[in-house]
Every structure is written in C-alpha cells, then in structure tokens.
$ cat final_33.cif   # mmCIF, C-alpha atoms and all ligand atoms
data_entry
#
loop_
_atom_site.label_atom_id
_atom_site.label_comp_id
_atom_site.auth_asym_id
_atom_site.auth_seq_id
_atom_site.Cartn_x
_atom_site.Cartn_y
_atom_site.Cartn_z
CA MET A 1 -125.11 17.94 86.48
CA ARG A 2 -127.88 15.30 86.66
CA ILE A 3 -129.47 14.53 90.01
CA LEU A 4 -131.92 11.81 91.01
CA VAL A 5 -134.81 12.80 93.30
CA LEU A 6 -136.06 9.57 94.87
CA HIS A 7 -139.16 9.14 97.02
CA GLY A 8 -140.00 5.97 98.92
CA PRO A 9 -143.28 4.35 99.94
CA ASN A 10 -146.47 6.31 100.60
CA LEU A 11 -144.97 9.59 99.47
CA ASN A 12 -147.26 9.34 96.42
CA LEU A 13 -150.05 10.06 98.94
CA LEU A 14 -148.66 13.46 99.96
CA GLY A 15 -151.38 16.09 100.04
CA THR A 16 -153.94 13.80 101.68
CA ARG A 17 -151.77 11.56 103.89
CA GLU A 18 -151.49 12.56 107.58
CA THR A 19 -151.54 16.24 106.62
CA GLU A 20 -150.87 17.36 110.22
CA THR A 21 -147.46 15.66 109.91
CA TYR A 22 -146.63 15.97 106.21
CA GLY A 23 -148.54 19.09 105.12
CA THR A 24 -150.91 19.55 102.20
CA GLU A 25 -148.49 19.87 99.31
CA THR A 26 -148.61 17.00 96.86
CA LEU A 27 -145.69 15.12 95.34
CA GLU A 28 -146.50 16.88 92.08
CA ASP A 29 -146.24 20.28 93.86
CA ILE A 30 -142.83 19.30 95.25
CA THR A 31 -141.70 18.10 91.82
CA HIS A 32 -142.69 21.44 90.25
CA GLN A 33 -140.92 23.40 93.01
CA LEU A 34 -137.74 21.36 92.57
CA ASP A 35 -137.84 21.66 88.78
CA ALA A 36 -138.04 25.47 89.11
CA LEU A 37 -135.15 25.48 91.60
CA ALA A 38 -133.15 23.20 89.30
CA VAL A 39 -133.39 25.80 86.53
CA GLU A 40 -132.10 28.44 88.96
CA LEU A 41 -129.24 26.17 90.05
CA GLY A 42 -128.42 24.99 86.54
CA VAL A 43 -128.92 21.26 87.19
CA GLU A 44 -131.19 18.57 85.71
CA LEU A 45 -133.44 16.35 87.81
CA GLU A 46 -134.78 12.83 87.36
CA HIS A 47 -137.81 12.17 89.60
CA TYR A 48 -138.76 8.71 90.81
CA GLN A 49 -141.21 7.36 93.40
CA SER A 50 -141.92 3.74 94.30
CA ASN A 51 -143.63 1.85 97.07
CA SER A 52 -141.39 -1.17 96.45
CA GLU A 53 -138.02 -1.67 98.14
CA GLY A 54 -136.56 -3.62 95.20
CA ALA A 55 -137.61 -0.98 92.68
CA LEU A 56 -135.89 1.70 94.79
CA VAL A 57 -132.73 -0.43 94.95
CA ASP A 58 -132.83 -0.84 91.16
CA ARG A 59 -133.24 2.92 90.66
CA VAL A 60 -130.33 3.71 92.98
CA GLN A 61 -128.13 1.23 91.10
CA ALA A 62 -129.16 2.87 87.80
CA ALA A 63 -128.09 6.25 89.22
CA ALA A 64 -124.45 5.17 89.27
CA GLY A 65 -123.58 7.60 86.46
CA LEU A 66 -125.37 10.61 87.92
CA ALA A 67 -123.75 13.41 89.90
CA GLY A 68 -125.81 12.72 93.01
CA ALA A 69 -129.23 12.20 94.57
CA LEU A 70 -131.79 13.67 96.90
CA LEU A 71 -133.27 10.76 98.83
CA ASN A 72 -136.42 10.52 100.91
CA PRO A 73 -136.71 6.77 101.38
CA GLY A 74 -139.80 7.11 103.61
CA ALA A 75 -140.20 4.19 106.00
CA TYR A 76 -137.34 2.30 104.30
CA THR A 77 -135.03 4.88 105.87
CA HIS A 78 -135.42 3.01 109.14
CA THR A 79 -135.39 -0.58 107.88
CA SER A 80 -133.67 -1.11 104.55
CA VAL A 81 -130.19 -2.58 104.67
CA ALA A 82 -130.68 -3.30 100.95
CA LEU A 83 -131.14 0.39 100.10
CA ARG A 84 -128.14 1.33 102.22
CA ASP A 85 -126.04 -1.30 100.45
CA ALA A 86 -127.19 -0.03 97.04
CA VAL A 87 -126.20 3.56 97.86
CA ALA A 88 -122.83 2.40 99.20
CA GLY A 89 -122.41 -0.07 96.31
CA VAL A 90 -122.54 2.61 93.60
CA ASP A 91 -120.87 5.23 95.82
CA LEU A 92 -123.82 7.58 95.35
CA LYS A 93 -123.32 11.12 96.68
CA PHE A 94 -126.60 12.12 98.31
CA VAL A 95 -128.51 14.30 100.72
CA GLU A 96 -131.20 12.62 102.84
CA VAL A 97 -134.39 14.61 103.34
CA HIS A 98 -137.54 14.15 105.40
CA LEU A 99 -140.61 16.34 105.57
CA SER A 100 -141.09 15.61 109.27
CA ASN A 101 -138.52 15.83 112.03
CA ILE A 102 -137.90 12.10 112.41
CA HIS A 103 -135.96 12.76 115.63
CA GLY A 104 -139.03 14.22 117.33
CA ARG A 105 -141.35 11.32 116.52
CA GLU A 106 -141.66 7.62 117.47
CA SER A 107 -138.40 5.98 118.59
CA PHE A 108 -138.35 3.64 115.56
CA ARG A 109 -138.06 6.68 113.27
CA ARG A 110 -135.02 8.09 115.06
CA THR A 111 -132.67 5.60 113.41
CA SER A 112 -131.68 6.09 109.77
CA LEU A 113 -129.68 3.40 108.01
CA LEU A 114 -128.53 6.02 105.50
CA SER A 115 -127.59 9.18 107.41
CA ASP A 116 -123.98 8.25 108.13
CA LEU A 117 -123.37 7.83 104.39
CA ALA A 118 -125.04 11.13 103.45
CA ALA A 119 -123.31 14.39 102.56
CA GLY A 120 -126.01 16.03 104.68
CA VAL A 121 -129.46 15.52 106.15
CA VAL A 122 -132.45 17.93 106.17
CA VAL A 123 -135.48 17.10 108.32
CA GLY A 124 -138.57 18.83 109.63
CA PHE A 125 -139.24 21.65 107.17
CA GLY A 126 -142.09 20.04 105.29
CA ALA A 127 -141.88 20.33 101.51
CA ALA A 128 -139.13 22.94 101.97
CA SER A 129 -136.80 20.15 103.19
CA TYR A 130 -136.44 19.10 99.56
CA ALA A 131 -135.48 22.57 98.31
CA LEU A 132 -133.03 23.06 101.17
CA GLY A 133 -131.59 19.62 100.49
CA LEU A 134 -131.18 20.30 96.78
CA ARG A 135 -129.37 23.58 97.45
CA GLY A 136 -127.07 21.79 99.89
CA LEU A 137 -126.43 18.90 97.52
CA VAL A 138 -125.59 21.13 94.54
CA GLY A 139 -123.19 23.15 96.71
CA TYR A 140 -121.59 19.96 97.96
CA LEU A 141 -121.22 18.47 94.46
CA SER A 142 -119.86 21.75 93.07
CA ASP A 143 -117.23 21.93 95.82
CA ALA A 144 -116.24 18.32 95.10
CA GLU A 145 -115.70 18.98 91.35
C1 LIG A 201 -140.69 10.49 106.13
C2 LIG A 201 -140.50 9.99 107.56
C3 LIG A 201 -140.64 8.49 107.63
O1 LIG A 201 -140.48 8.04 108.97
C4 LIG A 201 -141.99 8.05 107.14
O2 LIG A 201 -142.08 6.63 107.15
C5 LIG A 201 -142.33 8.61 105.82
C6 LIG A 201 -142.00 10.01 105.55
C7 LIG A 201 -140.68 12.03 106.05
O3 LIG A 201 -140.45 12.54 104.96
O4 LIG A 201 -140.92 12.71 107.05
O5 LIG A 201 -142.93 7.96 104.98
O6 LIG A 201 -139.61 10.01 105.34
#
$ encode --input "final_33.cif" --output "structure tokens"
Amino acid sequence: MRILVLHGPNLNLLGTRETETYGTETLEDITHQLDALAVELGVELEHYQSNSEGALVDRVQAAAGLAGALLNPGAYTHTSVALRDAVAGVDLKFVEVHLSNIHGRESFRRTSLLSDLAAGVVVGFGAASYALGLRGLVGYLSDAE
C-alpha cells in the first residue's frame, strides 16, 4: 500500500515557524516519525512539500494510482478550489491533518474546502496529528479493500 504524505506552503519552516502554534518539531522530524510508523503498519510513504498551489495540484493528480494520501494543505486548505478539484478529480482517498486546531483559531481558518471529501480529519495534536491520521487512513483503506 503506497501513501502520499503532502504538505502545503510554509510547512517547510516547521521547527522555527510560530512555534507556540506549531511546536518545535521540524518537517524532517515528522517525516522520520511517519517512516518509522509506516514500517510498523506495513505501508510505503511518498513525502512531498511545496509552497506552490499548482505543484500541489500536480502532485495530487500524480497520486491517482496510490492507495491514499495524508494531506496537510496548510493555508490552501481554506482557499484552494483547485486542490479540492484535483482530489475529487482523481478520487483520492485521504485523511486531512493539521498541527493546530483550526477550529479554535481565526474565523478564516475554520473553513476547509477539503474536509467534506476526507475519510477523516485530525486537528490540534501538533506533530502527532500526522501519526494519528496515518493510523486512521491505513485502517480506513484496509477496511475498504
Ligand atoms: C495548518 C493550519 C493552516 O491554517 C495554516 O495556514 C498552516 C498550518 C496546520 O497544520 O495547523 O499553514 O495547516
């Protein structure tokens, strides 16, 4: 089972960016944690981060043959009809994750253009949101097999 782990804009800055909101773990730390969990779960991960909306759309389209995806689209969560259309267009099975609890922050973050298409959503647990999301996604995909 191959799974895409996709990170949107500014998530390359994790570790130094707004640490009171996003914590001190880096994207590399999260990647290592997920790779270790993937071994435990018996799945393979493809990691991708971009600050560009079009590049994220291209990567989602290229994931058409994969089992599913773990998506943290960052700020594009709240704005990108194009990313939503890409996910719907290739019928990607995915779990949406956010480090912060987007529902407890500014009003513009409380809307996600992706959540209604997701198998599940994990928010607010910092870097652990990714691990929780991966466990949920693998369970979901296994049940669907
Ligand atoms: C985020 C939440 C978004 O609102 C924000 O733009 C991010 C990170 C999160 O993981 O908490 O870049 O997706």
$ residues_near_point --input "final_33.cif" --point "(-120.6, 10.2, 91.9)" --cutoff "10 Å" --atoms "only C-alpha atoms" --output "PyMOL selection string"
chain A and resi 63-69+90-94+141+144
$ residues_near_ligand --input "final_33.cif" --ligand "ligand LIG 201 (chain A)" --cutoff "8 Å" --atoms "all atoms listed in the file" --output "list in words"
Gly8, Pro9, Asn10, Leu11, Thr21, Tyr22, Asn72, Pro73, Gly74, Ala75, Tyr76, Thr77, His78, Val97, His98, Leu99, Ser100, Asn101, Ile102, Arg109, Val123, Gly124 and Gly126 of chain A
$ closest_residue --input "final_33.cif" --among "A:Thr24, A:Leu14, A:Val87, A:Arg2" --to "His47 (chain A)" --atoms "only C-alpha atoms"
A:Arg2
$ closest_residue --input "final_33.cif" --among "A:Val95, A:Leu6, A:Leu71, A:Leu45" --to "Gly139 (chain A)" --atoms "all atoms listed in the file"
A:Val95
$ atom_distance --input "final_33.cif" --atom1 "CA of Ala86 (chain A)" --atom2 "CA of Glu44 (chain A)"
22.1 Å
$ build_atoms --input "final_33.cif" --residues "region 99-120 of chain A" --atoms "N, CA, C and O atoms" --output "compact mmCIF listing (two decimals), keeping the file's coordinate frame"
# COMPACT_ATOMS: atom_id res chain seq x y z
N LEU A 99 -139.68 15.24 105.31
CA LEU A 99 -140.61 16.34 105.57
C LEU A 99 -140.75 16.58 107.07
O LEU A 99 -140.75 17.72 107.53
N SER A 100 -140.90 15.50 107.81
CA SER A 100 -141.09 15.61 109.27
C SER A 100 -139.74 15.53 109.98
O SER A 100 -138.75 15.05 109.40
N ASN A 101 -139.73 15.99 111.21
CA ASN A 101 -138.52 15.83 112.03
C ASN A 101 -138.53 14.43 112.63
O ASN A 101 -139.15 14.20 113.68
N ILE A 102 -137.85 13.51 111.98
CA ILE A 102 -137.90 12.10 112.41
C ILE A 102 -137.34 11.91 113.82
O ILE A 102 -137.65 10.93 114.47
N HIS A 103 -136.55 12.89 114.29
CA HIS A 103 -135.96 12.76 115.63
C HIS A 103 -136.92 13.20 116.74
O HIS A 103 -136.63 13.00 117.92
N GLY A 104 -138.04 13.78 116.35
CA GLY A 104 -139.03 14.22 117.33
C GLY A 104 -140.27 13.35 117.32
O GLY A 104 -141.29 13.72 117.90
N ARG A 105 -140.18 12.18 116.65
CA ARG A 105 -141.35 11.32 116.52
C ARG A 105 -141.13 9.98 117.25
O ARG A 105 -140.35 9.93 118.21
N GLU A 106 -141.79 8.93 116.80
CA GLU A 106 -141.66 7.62 117.47
C GLU A 106 -140.19 7.16 117.46
O GLU A 106 -139.45 7.47 116.54
N SER A 107 -139.81 6.38 118.47
CA SER A 107 -138.40 5.98 118.59
C SER A 107 -137.92 5.21 117.36
O SER A 107 -136.76 5.34 116.97
N PHE A 108 -138.81 4.43 116.72
CA PHE A 108 -138.35 3.64 115.56
C PHE A 108 -137.98 4.51 114.37
O PHE A 108 -137.31 4.05 113.45
N ARG A 109 -138.41 5.78 114.38
CA ARG A 109 -138.06 6.68 113.27
C ARG A 109 -136.74 7.42 113.53
O ARG A 109 -136.25 8.13 112.67
N ARG A 110 -136.21 7.29 114.72
CA ARG A 110 -135.02 8.09 115.06
C ARG A 110 -133.75 7.48 114.51
O ARG A 110 -132.69 8.11 114.58
N THR A 111 -133.83 6.24 114.02
CA THR A 111 -132.67 5.60 113.41
C THR A 111 -132.81 5.67 111.90
O THR A 111 -133.84 5.32 111.35
N SER A 112 -131.75 6.14 111.24
CA SER A 112 -131.68 6.09 109.77
C SER A 112 -130.51 5.20 109.39
O SER A 112 -129.41 5.37 109.91
N LEU A 113 -130.75 4.27 108.48
CA LEU A 113 -129.68 3.40 108.01
C LEU A 113 -128.86 4.07 106.91
O LEU A 113 -127.94 3.47 106.37
N LEU A 114 -129.20 5.31 106.59
CA LEU A 114 -128.53 6.02 105.50
C LEU A 114 -127.72 7.24 105.94
O LEU A 114 -126.77 7.64 105.27
N SER A 115 -128.13 7.86 107.05
CA SER A 115 -127.59 9.18 107.41
C SER A 115 -126.08 9.25 107.49
O SER A 115 -125.49 10.26 107.10
N ASP A 116 -125.45 8.19 107.98
CA ASP A 116 -123.98 8.25 108.13
C ASP A 116 -123.26 8.23 106.79
O ASP A 116 -122.08 8.59 106.71
N LEU A 117 -123.97 7.83 105.73
CA LEU A 117 -123.37 7.83 104.39
C LEU A 117 -123.66 9.13 103.64
O LEU A 117 -123.08 9.38 102.58
N ALA A 118 -124.57 9.95 104.17
CA ALA A 118 -125.04 11.13 103.45
C ALA A 118 -124.05 12.29 103.54
O ALA A 118 -123.33 12.42 104.53
N ALA A 119 -124.08 13.14 102.51
CA ALA A 119 -123.31 14.39 102.56
C ALA A 119 -123.95 15.32 103.59
O ALA A 119 -123.27 16.11 104.24
N GLY A 120 -125.27 15.23 103.72
CA GLY A 120 -126.01 16.03 104.68
C GLY A 120 -127.41 15.50 104.82
O GLY A 120 -127.87 14.68 104.01
